[in-house]
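Source file run-v5.txt; content: compact mmCIF, C-alpha atoms.
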```txt
# COMPACT_ATOMS: atom_id res chain seq x y z
CA MET W 22 -9.88 8.72 30.29
CA ALA W 23 -8.51 8.19 26.82
CA LEU W 24 -4.99 7.85 28.18
CA ARG W 25 -5.86 4.97 30.48
CA THR W 26 -7.51 3.00 27.67
CA LEU W 27 -4.45 3.64 25.53
CA ILE W 28 -2.09 2.29 28.16
CA SER W 29 -3.95 -0.93 28.88
CA GLY W 30 -4.50 -1.58 25.17
CA LYS W 31 -0.94 -2.12 24.10
CA THR W 32 -0.01 -4.74 26.66
CA LEU W 33 -3.28 -6.56 26.04
CA ALA W 34 -2.50 -6.99 22.38
CA ALA W 35 0.97 -8.35 23.14
CA ALA W 36 -0.44 -10.81 25.67
CA ALA W 37 -3.01 -12.14 23.20
CA LEU W 38 -0.27 -13.05 20.78
CA GLY W 39 1.89 -14.65 23.44
CA GLY W 40 -0.58 -17.56 23.63
CA ALA W 41 -0.31 -18.40 19.95
CA ARG W 42 3.47 -18.30 20.14
CA THR W 43 3.81 -20.97 22.82
CA LEU W 44 1.65 -23.40 20.86
CA ALA W 45 3.75 -23.13 17.73
CA ALA W 46 6.97 -23.15 19.74
CA ALA W 47 6.01 -26.55 21.09
CA ARG W 48 6.13 -27.81 17.49
CA GLY W 49 9.65 -26.44 16.99
CA VAL W 50 8.92 -23.41 14.82
CA ALA W 51 10.56 -20.27 16.22
CA THR W 52 7.76 -17.75 15.85
CA VAL W 53 7.94 -14.03 16.52
CA ALA W 54 5.97 -11.88 18.91
CA LEU W 55 4.60 -8.37 18.80
CA PRO W 56 7.07 -6.20 20.73
CA ASP W 57 5.75 -3.78 23.34
CA LEU W 58 6.12 -0.11 22.61
CA PRO W 59 8.67 1.60 24.90
CA TYR W 60 6.19 4.47 25.37
CA ASP W 61 2.44 5.05 25.55
CA TYR W 62 0.36 5.36 22.42
CA GLY W 63 -0.30 9.04 23.07
CA ALA W 64 3.28 9.90 23.97
CA LEU W 65 4.29 10.98 20.48
CA GLU W 66 1.60 13.62 20.10
CA PRO W 67 1.18 16.01 18.43
CA ALA W 68 3.59 14.65 15.83
CA ILE W 69 1.79 11.31 15.59
CA SER W 70 -1.65 10.85 17.12
CA GLY W 71 -2.35 8.23 19.76
CA GLU W 72 -5.09 6.77 17.57
CA ILE W 73 -2.64 6.13 14.75
CA MET W 74 -0.06 4.62 17.11
CA ARG W 75 -2.64 2.30 18.63
CA LEU W 76 -3.99 1.08 15.26
CA HIS W 77 -0.54 0.89 13.78
CA HIS W 78 0.73 -1.30 16.63
CA GLN W 79 -2.34 -3.33 17.60
CA LYS W 80 -3.76 -3.90 14.13
CA HIS W 81 -1.18 -3.51 11.41
CA HIS W 82 1.98 -4.74 13.14
CA ALA W 83 0.01 -7.42 14.98
CA ALA W 84 -1.38 -8.67 11.67
CA TYR W 85 2.12 -8.90 10.18
CA VAL W 86 3.22 -10.92 13.22
CA ALA W 87 0.24 -13.27 13.07
CA ASN W 88 0.49 -13.82 9.32
CA TYR W 89 4.26 -14.27 9.44
CA ASN W 90 3.93 -16.93 12.14
CA LYS W 91 1.23 -18.64 10.12
CA ALA W 92 3.40 -18.61 7.01
CA LEU W 93 6.37 -19.95 9.00
CA GLU W 94 4.35 -22.91 10.20
CA GLN W 95 3.13 -23.63 6.70
CA LEU W 96 6.71 -23.30 5.44
CA ASP W 97 7.94 -25.70 8.11
CA ALA W 98 5.35 -28.26 7.10
CA ALA W 99 6.14 -27.84 3.41
CA VAL W 100 9.90 -28.12 3.95
CA THR W 101 9.43 -31.27 6.02
CA LYS W 102 7.24 -32.81 3.34
CA GLY W 103 9.61 -31.75 0.57
CA ASP W 104 6.81 -29.77 -1.08
CA ALA W 105 8.87 -27.34 -3.12
CA THR W 106 5.86 -25.76 -4.83
CA THR W 107 4.36 -24.66 -1.54
CA VAL W 108 7.74 -23.51 -0.25
CA VAL W 109 8.14 -21.20 -3.23
CA GLN W 110 4.52 -20.09 -3.10
CA LEU W 111 4.91 -18.98 0.52
CA GLN W 112 7.83 -16.66 -0.27
CA SER W 113 5.76 -13.55 -0.96
CA ALA W 114 3.75 -13.95 2.26
CA ILE W 115 6.98 -14.42 4.23
CA LYS W 116 8.69 -11.45 2.61
CA PHE W 117 5.67 -9.22 3.12
CA ASN W 118 4.71 -10.17 6.65
CA GLY W 119 8.24 -10.88 7.87
CA GLY W 120 9.38 -7.62 6.37
CA GLY W 121 6.45 -5.85 8.00
CA HIS W 122 7.45 -7.25 11.38
CA ILE W 123 11.13 -6.38 10.95
CA ASN W 124 10.47 -2.88 9.68
CA HIS W 125 7.93 -1.94 12.31
CA SER W 126 10.06 -3.35 15.13
CA ILE W 127 12.82 -0.96 14.02
CA PHE W 128 10.33 1.88 13.56
CA TRP W 129 9.07 1.79 17.16
CA LYS W 130 12.66 2.12 18.36
CA ASN W 131 13.26 4.98 15.94
CA LEU W 132 10.62 7.04 17.71
CA LYS W 133 10.79 8.66 21.12
CA PRO W 134 8.59 11.11 23.04
CA ILE W 135 9.87 14.67 22.97
CA SER W 136 10.03 14.62 26.77
CA GLU W 137 12.48 11.71 26.61
CA GLY W 138 14.80 13.20 24.01
CA GLY W 139 12.87 12.65 20.80
CA GLY W 140 13.93 15.05 18.09
CA GLU W 141 17.33 15.91 19.55
CA SER W 142 19.81 16.02 16.67
CA PRO W 143 22.48 13.36 16.36
CA HIS W 144 25.85 13.99 17.97
CA GLN W 145 29.36 12.64 17.76
CA LYS W 146 30.12 9.85 15.32
CA LEU W 147 26.75 9.73 13.58
CA GLY W 148 26.50 13.52 13.51
CA TRP W 149 29.91 13.83 11.87
CA ALA W 150 29.16 11.05 9.41
CA ILE W 151 25.96 12.83 8.37
CA ASP W 152 27.85 16.07 7.79
CA GLU W 153 30.43 14.21 5.75
CA ASP W 154 28.06 12.18 3.60
CA PHE W 155 25.27 14.73 3.12
CA GLY W 156 26.87 18.11 3.76
CA SER W 157 24.67 18.98 6.68
CA PHE W 158 21.95 17.61 8.95
CA GLU W 159 19.39 19.83 7.19
CA ALA W 160 20.43 18.46 3.82
CA LEU W 161 19.80 14.91 5.06
CA LEU W 162 16.33 15.80 6.31
CA LYS W 163 15.53 17.56 3.05
CA LYS W 164 16.61 14.49 1.08
CA MET W 165 14.66 12.05 3.21
CA ASN W 166 11.56 14.23 3.06
CA ALA W 167 11.83 14.53 -0.72
CA GLU W 168 12.34 10.80 -1.30
CA GLY W 169 9.64 9.89 1.20
CA ALA W 170 7.14 12.21 -0.44
CA ALA W 171 8.01 11.02 -3.94
CA LEU W 172 7.62 7.33 -3.15
CA GLN W 173 4.68 6.02 -5.16
CA GLY W 174 2.31 3.67 -3.39
CA SER W 175 3.40 2.12 -0.11
CA GLY W 176 6.90 1.74 1.30
CA TRP W 177 9.61 3.03 3.59
CA VAL W 178 12.33 5.67 3.44
CA TRP W 179 15.57 4.78 5.23
CA LEU W 180 18.75 6.31 6.50
CA ALA W 181 21.08 3.44 5.68
CA LEU W 182 24.65 2.61 6.59
CA ASP W 183 26.73 0.54 4.22
CA LYS W 184 28.79 -1.21 6.83
CA GLU W 185 31.45 -2.28 4.34
CA ALA W 186 31.94 1.07 2.67
CA LYS W 187 31.23 2.89 5.96
CA LYS W 188 29.00 5.31 4.08
CA LEU W 189 25.55 6.65 4.81
CA SER W 190 22.82 6.86 2.20
CA VAL W 191 19.11 7.49 1.82
CA GLU W 192 17.21 4.54 0.39
CA THR W 193 13.59 3.66 -0.24
CA THR W 194 11.96 0.25 -0.28
CA ALA W 195 8.56 -0.70 -1.64
CA ASN W 196 5.77 -2.26 0.41
CA GLN W 197 7.34 -4.10 3.36
CA ASP W 198 10.65 -4.97 1.72
CA PRO W 199 13.34 -4.70 4.40
CA LEU W 200 16.34 -2.45 3.74
CA VAL W 201 18.58 -5.42 3.17
CA THR W 202 16.78 -6.06 -0.14
CA LYS W 203 18.48 -2.90 -1.44
CA GLY W 204 21.96 -4.12 -0.51
CA VAL W 205 23.29 -6.93 1.65
CA ASN W 206 25.62 -4.61 3.53
CA LEU W 207 22.98 -2.05 4.37
CA VAL W 208 22.14 -1.52 8.03
CA PRO W 209 18.98 0.46 8.84
CA LEU W 210 19.69 3.37 11.18
CA LEU W 211 16.34 5.05 10.72
CA GLY W 212 13.20 4.00 8.90
CA ILE W 213 10.12 6.11 8.27
CA ASP W 214 6.91 4.32 7.35
CA VAL W 215 5.23 6.12 4.43
CA TRP W 216 2.35 3.68 4.03
CA GLU W 217 -0.84 5.72 4.20
CA HIS W 218 -1.91 3.91 7.37
CA ALA W 219 1.05 5.56 9.12
CA TYR W 220 -0.37 9.05 8.75
CA TYR W 221 -3.73 9.18 7.02
CA LEU W 222 -6.06 9.67 9.98
CA GLN W 223 -4.08 12.71 11.07
CA TYR W 224 -2.48 14.20 7.98
CA LYS W 225 -4.86 12.90 5.29
CA ASN W 226 -3.21 13.12 1.89
CA VAL W 227 -0.54 15.59 3.00
CA ARG W 228 2.37 13.18 3.37
CA PRO W 229 4.95 16.02 3.35
CA ASP W 230 3.43 17.43 6.58
CA TYR W 231 3.73 14.02 8.26
CA LEU W 232 7.36 13.81 7.17
CA SER W 233 8.32 17.27 8.36
CA ASN W 234 6.63 16.66 11.72
CA ILE W 235 7.98 13.21 12.45
CA TRP W 236 11.50 14.59 12.94
CA LYS W 237 10.32 16.03 16.25
CA VAL W 238 10.01 12.52 17.67
CA ILE W 239 12.89 10.75 15.95
CA ASN W 240 15.21 8.88 18.31
CA TRP W 241 18.66 9.86 17.06
CA LYS W 242 20.26 8.33 20.13
CA TYR W 243 19.18 4.86 19.01
CA ALA W 244 20.34 5.54 15.44
CA GLY W 245 23.68 6.66 16.84
CA GLU W 246 24.06 3.47 18.85
CA VAL W 247 23.30 1.27 15.85
CA TYR W 248 25.80 3.28 13.80
CA GLU W 249 28.60 3.02 16.32
CA ASN W 250 28.07 -0.71 16.79
CA ALA W 251 28.13 -1.29 13.06
CA VAL W 252 31.27 0.69 12.29
CA ALA W 253 33.17 -0.50 15.35
CA MET T 5 -18.28 5.21 1.53
CA SER T 6 -18.48 8.35 3.61
CA LYS T 7 -18.84 11.86 2.25
CA ARG T 8 -15.57 12.82 3.92
CA THR T 9 -13.74 10.03 2.09
CA VAL T 10 -15.16 11.01 -1.28
CA GLU T 11 -14.36 14.69 -0.61
CA LEU T 12 -10.73 13.88 0.15
CA HIS T 13 -10.30 11.10 -2.37
CA TRP T 14 -11.76 13.04 -5.27
CA GLY T 15 -10.98 16.59 -4.16
CA LYS T 16 -7.40 16.00 -3.03
CA HIS T 17 -5.92 12.72 -4.26
CA HIS T 18 -7.56 12.64 -7.70
CA GLN T 19 -7.14 16.41 -8.07
CA ASN T 20 -3.44 16.17 -7.23
CA TYR T 21 -2.89 13.58 -9.94
CA VAL T 22 -4.66 15.86 -12.45
CA ASP T 23 -2.62 18.91 -11.40
CA GLY T 24 0.58 16.88 -11.38
CA LEU T 25 -0.05 15.54 -14.86
CA ASN T 26 -0.90 18.96 -16.28
CA LYS T 27 2.30 20.34 -14.83
CA GLN T 28 4.32 17.54 -16.42
CA LEU T 29 2.59 17.88 -19.79
CA ALA T 30 3.58 21.52 -20.02
CA THR T 31 7.12 20.43 -20.86
CA SER T 32 6.58 16.86 -22.00
CA MET T 33 6.82 15.22 -25.40
CA PHE T 34 3.47 13.64 -24.57
CA TYR T 35 1.67 16.96 -24.80
CA GLY T 36 -1.42 16.52 -26.98
CA TYR T 37 -1.78 12.78 -26.38
CA THR T 38 -5.12 11.45 -25.16
CA LEU T 39 -5.20 9.98 -21.68
CA GLU T 40 -5.39 6.42 -22.98
CA GLU T 41 -2.45 7.04 -25.31
CA LEU T 42 -0.50 8.49 -22.39
CA ILE T 43 -1.09 5.34 -20.40
CA LYS T 44 -0.17 2.92 -23.16
CA GLU T 45 2.92 4.83 -24.29
CA GLY T 46 3.91 5.94 -20.81
CA TYR T 47 3.91 2.39 -19.47
CA ASN T 48 6.83 1.74 -21.78
CA ASN T 49 6.56 -2.06 -21.45
CA GLY T 50 7.14 -2.08 -17.72
CA ASN T 51 9.63 0.78 -17.39
CA PRO T 52 7.15 3.56 -16.79
CA LEU T 53 8.06 7.07 -17.83
CA PRO T 54 7.50 9.94 -15.39
CA GLU T 55 4.14 10.90 -16.87
CA TYR T 56 2.75 7.38 -16.50
CA ASN T 57 1.88 7.41 -12.82
CA ASN T 58 -0.15 10.62 -12.90
CA ALA T 59 -1.87 9.74 -16.17
CA ALA T 60 -2.80 6.25 -15.03
CA GLN T 61 -4.05 7.42 -11.65
CA VAL T 62 -6.17 10.15 -13.27
CA TRP T 63 -7.72 7.52 -15.52
CA ASN T 64 -8.05 4.87 -12.79
CA HIS T 65 -9.84 7.23 -10.42
CA HIS T 66 -12.23 8.54 -13.05
CA PHE T 67 -13.04 4.95 -13.99
CA PHE T 68 -13.54 4.16 -10.30
CA TRP T 69 -16.04 6.96 -9.65
CA GLU T 70 -18.04 5.84 -12.66
CA SER T 71 -17.91 2.20 -11.53
CA MET T 72 -20.07 3.11 -8.58
CA GLN T 73 -23.62 4.28 -8.05
CA PRO T 74 -25.45 5.14 -4.83
CA GLU T 75 -27.39 2.24 -3.30
CA SER T 76 -26.48 -0.14 -6.08
CA GLY T 77 -24.62 -3.43 -5.88
CA GLY T 78 -26.69 -6.57 -5.83
CA SER T 79 -26.17 -8.62 -8.95
CA PRO T 80 -26.22 -7.93 -12.67
CA GLU T 81 -28.84 -9.14 -15.11
CA GLY T 82 -29.06 -10.33 -18.68
CA GLY T 83 -25.97 -10.58 -20.84
CA VAL T 84 -23.53 -9.52 -18.14
CA LEU T 85 -24.84 -12.11 -15.70
CA GLN T 86 -24.68 -14.75 -18.42
CA GLN T 87 -21.06 -13.90 -19.21
CA ILE T 88 -20.12 -13.92 -15.52
CA GLU T 89 -21.75 -17.32 -15.05
CA LYS T 90 -19.92 -18.59 -18.10
CA ASP T 91 -16.51 -17.33 -16.99
CA PHE T 92 -16.74 -17.83 -13.22
CA GLY T 93 -19.31 -20.59 -12.80
CA SER T 94 -21.74 -18.45 -10.85
CA PHE T 95 -22.15 -14.90 -9.60
CA THR T 96 -21.34 -16.13 -6.09
CA ASN T 97 -18.04 -17.54 -7.34
CA PHE T 98 -17.20 -14.28 -9.03
CA ARG T 99 -18.01 -12.32 -5.89
CA GLU T 100 -15.85 -14.62 -3.76
CA GLU T 101 -12.97 -14.39 -6.21
CA PHE T 102 -13.24 -10.62 -6.37
CA ILE T 103 -13.08 -10.29 -2.58
CA CYS T 104 -10.29 -12.86 -2.26
CA SER T 105 -8.18 -11.20 -4.93
CA ALA T 106 -8.65 -7.81 -3.33
CA LEU T 107 -7.48 -9.18 0.01
CA SER T 108 -4.49 -10.95 -1.44
CA LEU T 109 -3.02 -7.79 -2.95
CA LEU T 110 -0.04 -6.77 -0.82
CA GLY T 111 0.47 -3.01 -0.62
CA SER T 112 -1.25 -0.37 -2.76
CA GLY T 113 -3.07 -1.11 -5.98
CA TRP T 114 -6.38 -1.84 -7.66
CA VAL T 115 -8.63 -4.83 -8.23
CA TRP T 116 -10.35 -5.05 -11.60
CA LEU T 117 -12.95 -6.92 -13.54
CA VAL T 118 -11.42 -7.00 -17.02
CA LEU T 119 -12.36 -8.41 -20.38
CA LYS T 120 -9.27 -10.26 -21.57
CA ARG T 121 -8.63 -9.84 -25.26
CA GLU T 122 -6.61 -12.98 -25.92
CA GLU T 123 -8.62 -15.37 -23.76
CA ARG T 124 -11.88 -13.64 -24.72
CA LYS T 125 -13.31 -13.90 -21.25
CA LEU T 126 -13.95 -11.91 -18.10
CA SER T 127 -11.35 -12.14 -15.38
CA VAL T 128 -10.53 -10.64 -11.97
CA VAL T 129 -7.05 -9.13 -11.84
CA CYS T 130 -5.09 -7.11 -9.29
CA THR T 131 -2.58 -4.47 -10.27
CA ARG T 132 0.04 -2.81 -8.08
CA ASN T 133 0.22 0.93 -7.46
CA ALA T 134 -0.93 2.61 -10.70
CA ILE T 135 -0.57 -0.21 -13.19
CA SER T 136 -3.54 -0.28 -15.56
CA PRO T 137 -4.96 -3.22 -17.53
CA LEU T 138 -5.04 -0.79 -20.48
CA ALA T 139 -1.26 -0.82 -20.45
CA LEU T 140 -1.37 -4.61 -20.37
CA GLY T 141 -3.69 -4.81 -23.36
CA ASP T 142 -6.97 -5.75 -21.73
CA ILE T 143 -10.32 -3.99 -21.49
CA PRO T 144 -11.25 -2.74 -17.99
CA ILE T 145 -14.87 -3.27 -17.03
CA MET T 146 -14.90 -2.16 -13.40
CA ASN T 147 -12.35 -1.39 -10.67
CA LEU T 148 -11.92 -0.82 -6.94
CA ASP T 149 -9.22 1.37 -5.38
CA LEU T 150 -7.25 -0.63 -2.79
CA TRP T 151 -4.84 2.12 -1.79
CA GLU T 152 -5.26 2.74 1.93
CA HIS T 153 -6.45 6.30 1.31
CA ALA T 154 -9.57 4.84 -0.32
CA TYR T 155 -10.81 3.16 2.84
CA TYR T 156 -8.75 4.12 5.86
CA LEU T 157 -11.04 6.87 7.20
CA ASP T 158 -14.11 4.63 6.98
CA TYR T 159 -12.75 1.18 7.71
CA LYS T 160 -9.26 1.66 9.21
CA ASP T 161 -7.37 -1.56 8.45
CA ASP T 162 -10.50 -3.62 7.64
CA ARG T 163 -10.06 -3.97 3.88
CA ARG T 164 -12.41 -6.96 3.80
CA MET T 165 -15.39 -4.89 4.99
CA TYR T 166 -14.60 -2.17 2.46
CA VAL T 167 -14.44 -4.59 -0.48
CA THR T 168 -17.57 -6.43 0.64
CA ASN T 169 -19.53 -3.20 0.94
CA PHE T 170 -18.36 -2.12 -2.48
CA ILE T 171 -19.39 -5.30 -4.27
CA ASP T 172 -22.66 -5.57 -2.31
CA HIS T 173 -23.81 -1.96 -2.29
CA LEU T 174 -21.82 0.36 -4.52
CA VAL T 175 -20.78 -1.26 -7.79
CA SER T 176 -22.84 -0.01 -10.70
CA TRP T 177 -23.86 -2.97 -12.86
CA HIS T 178 -25.46 -0.47 -15.19
CA THR T 179 -22.06 1.03 -15.99
CA VAL T 180 -20.60 -2.46 -16.25
CA THR T 181 -23.23 -3.37 -18.85
CA LEU T 182 -22.43 -0.31 -20.94
CA ARG T 183 -18.71 -1.03 -20.78
CA MET T 184 -19.26 -4.67 -21.70
CA MET T 185 -21.31 -3.61 -24.71
CA ARG T 186 -18.47 -1.36 -25.84
CA GLY T 187 -15.92 -4.04 -25.08
CA GLU T 188 -17.73 -6.52 -27.28
CA ALA T 189 -16.98 -4.26 -30.23
CA PHE T 190 -13.32 -5.22 -29.73
CA VAL T 191 -13.55 -8.76 -28.43
CA ASN T 192 -15.60 -11.48 -30.03
CA LEU T 193 -17.20 -13.22 -27.07
CA GLY T 194 -19.36 -15.75 -28.81
CA GLU T 195 -19.15 -17.85 -31.90
CA PRO T 196 -20.30 -15.77 -34.85
CA ASN T 197 -23.80 -16.65 -35.94
CA ILE T 198 -23.29 -17.45 -39.63
CA PRO T 199 -26.62 -18.15 -41.28
CA VAL T 200 -26.73 -21.36 -43.31
CA ALA T 201 -27.66 -20.65 -46.89
```

As C-alpha cells, how would this structure be written, given the file I've shared?
Amino acid sequence: MALRTLISGKTLAAAALGGARTLAAARGVATVALPDLPYDYGALEPAISGEIMRLHHQKHHAAYVANYNKALEQLDAAVTKGDATTVVQLQSAIKFNGGGHINHSIFWKNLKPISEGGGESPHQKLGWAIDEDFGSFEALLKKMNAEGAALQGSGWVWLALDKEAKKLSVETTANQDPLVTKGVNLVPLLGIDVWEHAYYLQYKNVRPDYLSNIWKVINWKYAGEVYENAVA
Amino acid sequence: MSKRTVELHWGKHHQNYVDGLNKQLATSMFYGYTLEELIKEGYNNGNPLPEYNNAAQVWNHHFFWESMQPESGGSPEGGVLQQIEKDFGSFTNFREEFICSALSLLGSGWVWLVLKREERKLSVVCTRNAISPLALGDIPIMNLDLWEHAYYLDYKDDRRMYVTNFIDHLVSWHTVTLRMMRGEAFVNLGEPNIPVA
C-alpha cells in the first residue's frame, strides 16, 4: 500500500508545477520545472528511505523550483523597469533557489536503484582517471566521506572534473552554491547532498553512516558519461 | 518540541560538540580559556580557528535550552515588554519580524534577539552556521536553532510552524528578563536620571 502512494505522489507534484510554468512562460520568462525522478521513491532503500526521497523531491526540490521561478519573474520585472536595487537584492534568492534546483536535478541522476546498476564501480575512462588522480577508488570514497562529514552546516560534496586541466578533484560547496562557484571550469560528475534534510529522518545525526551507505546507490554510469563528454 | 527531538538534539548533537571541543582543547593553545573567551578569540575576526565551531555550538545550544520553558511563550511583561515596544513598535511587530527573519535565513544558522551595544537597542538578527553575536560584540538575549536537525523530526520542512510554535509556546520570557537585567549592566538603555540639585 505504501508503494502505490509513493508512485502516484511524484508525478502529481510535477503536474502541479506544470500549471504555474505555462502562465509565466506566456509572459516570456523561461521558468524551470521539477524533474520527475527516474525511479520510485522507495527504490533506493535501504540506503535512502522512501520517506526521505518523497519529502526531498516533493517538498524541498519543489520549493526551490517554485521560489526560483518567482525570483525570475521578479527579476524580469526589475530588469525591464531598470530597477537596479531590486535586481541586486534578488541575487541571493536566485543563487539559493536556482542552485538548489541545479544541484538536486544532478543529484537525482547521480542515484540509481541497486537493481538497475546502482553502486557498480566506475569503469574505463572515469575509472582510470580516478586511479590516476586519487590513487584508488577506495581512496576517493574515503576522501569524499571525510570532506562530507567535516562540512559544517549545510552544503554539498562533489566529485568534480576540471575540464581544462582534465583533472578530478573533491570539492565542497556551502548551502546551495553550485559547483561552478568553486571554479568556472569545474563540471560536477557526482554530488552528494549533506544538508540534514537529506538524511536526518533515517540516519539522525550520524552523517558518516549516510555517506558510507549512499555509495550503494550511486550511479557511476551517469558520472562516466558526463566525464567522457567533458573530456572528449 | 518532541521528546525524541530533545533527546537527539541535546544527547547527540550538543554532546558531540562538547566532546569535540574537549578533544581539541587537549592539544590547543586555548586550553584554560572560558567558553566566552574561546568564542571571541576563536572567531578571529571572521577567519574562525578550528576550536571556534565546537565552542560556539556548545555555547549556542546551552543558551538555546535555557531560552525555553515548558508551556511558556505568550508575551513578556514589564520592562522587557516596554523595551520591545520601544524598539519594535509593538510586541506583534517584534513577533512578525522574528518569524520573518527566521524564514529568510538560507541554510543552517540561528535567529537571535540581541541587545546591540552600539545602537543601545534590542534587535532581531540571524547568524549562519555557528556564528555567535558574542563574537560580533553584541549581547544575546534569546535564540532559536534553525539547523534542520532542530526541527526536522517534528516538522519536516515546515520551518514556519516550528518558529511559530517556539515564539508562541516555548520561549521563556522569564529567562529573557534575567538576561536583559544583566545586559543593562553593560548597555545604558535609558537616559541617566541625574537628580537636579

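Shell of segment 84-89 of chain T at 9 Å, with all atoms listed in the file counted and residues fewer than 4 places along the chain excluded, is Ser79, Pro80, Gly93, Ser94, Phe95, Asn97, Phe98, Lys125, Leu126, Ser127, Trp177, Val180, Thr181, Met184 and Leu193 of chain T.
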
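Proximity to chain T at a cut-off of 6 Å picks out Gly174, Ser175, Asn196 and Glu217 of chain W on chain W, counting all atoms listed in the file.
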
Point to revise | Contact residues around Ser105 of chain T with only C-alpha atoms at 9 Å, ignoring same-chain residues under 3 positions, as an MDAnalysis selection string | key: chainID T and resid 100:102 108:109 115 128:130

Check your understanding: Quick one: residues within 8 Å of segment 235-239 of chain W, only C-alpha atoms counted, chain neighbours fewer than 3 positions away excluded, as number ranges by chain?
Key -> W: 65, 68-69, 131-135, 138-141, 231-232

Study note, to complete from the structure: Across W:Asp57, W:Asp230, W:Glu249, W:Glu185, the smallest distance to Ser126 of chain W, with only C-alpha atoms counted, is shown by W:Asp57

Exercise for review: One decimal, Å: what's the distance from atom CA of Gln19 of chain T over to atom CA of Asn226 of chain W, could you say?
Suggested key: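 Atom-to-atom, atom CA of Gln19 of chain T to atom CA of Asn226 of chain W, that is 11.2 Å.
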
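Between atom CA of Gly245 of chain W and atom CA of Leu147 of chain W lies a distance of 5.4 Å.
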
Revision key, fill the gap. From atom CA of Gly148 of chain W to atom CA of Trp177 of chain W the spacing works out at 22.2 Å

**Study point:** Who sits within 8 Å of Leu174 of chain T, all atoms listed in the file, same chain under 6 positions skipped, as number ranges by chain
**Key:** T: 72-77

Check your understanding: Hey, which of W:Ser157, W:Gly103, W:Leu222, W:Ser190 ends up closest to Tyr159 of chain T? Count only C-alpha atoms.
Key -> W:Leu222
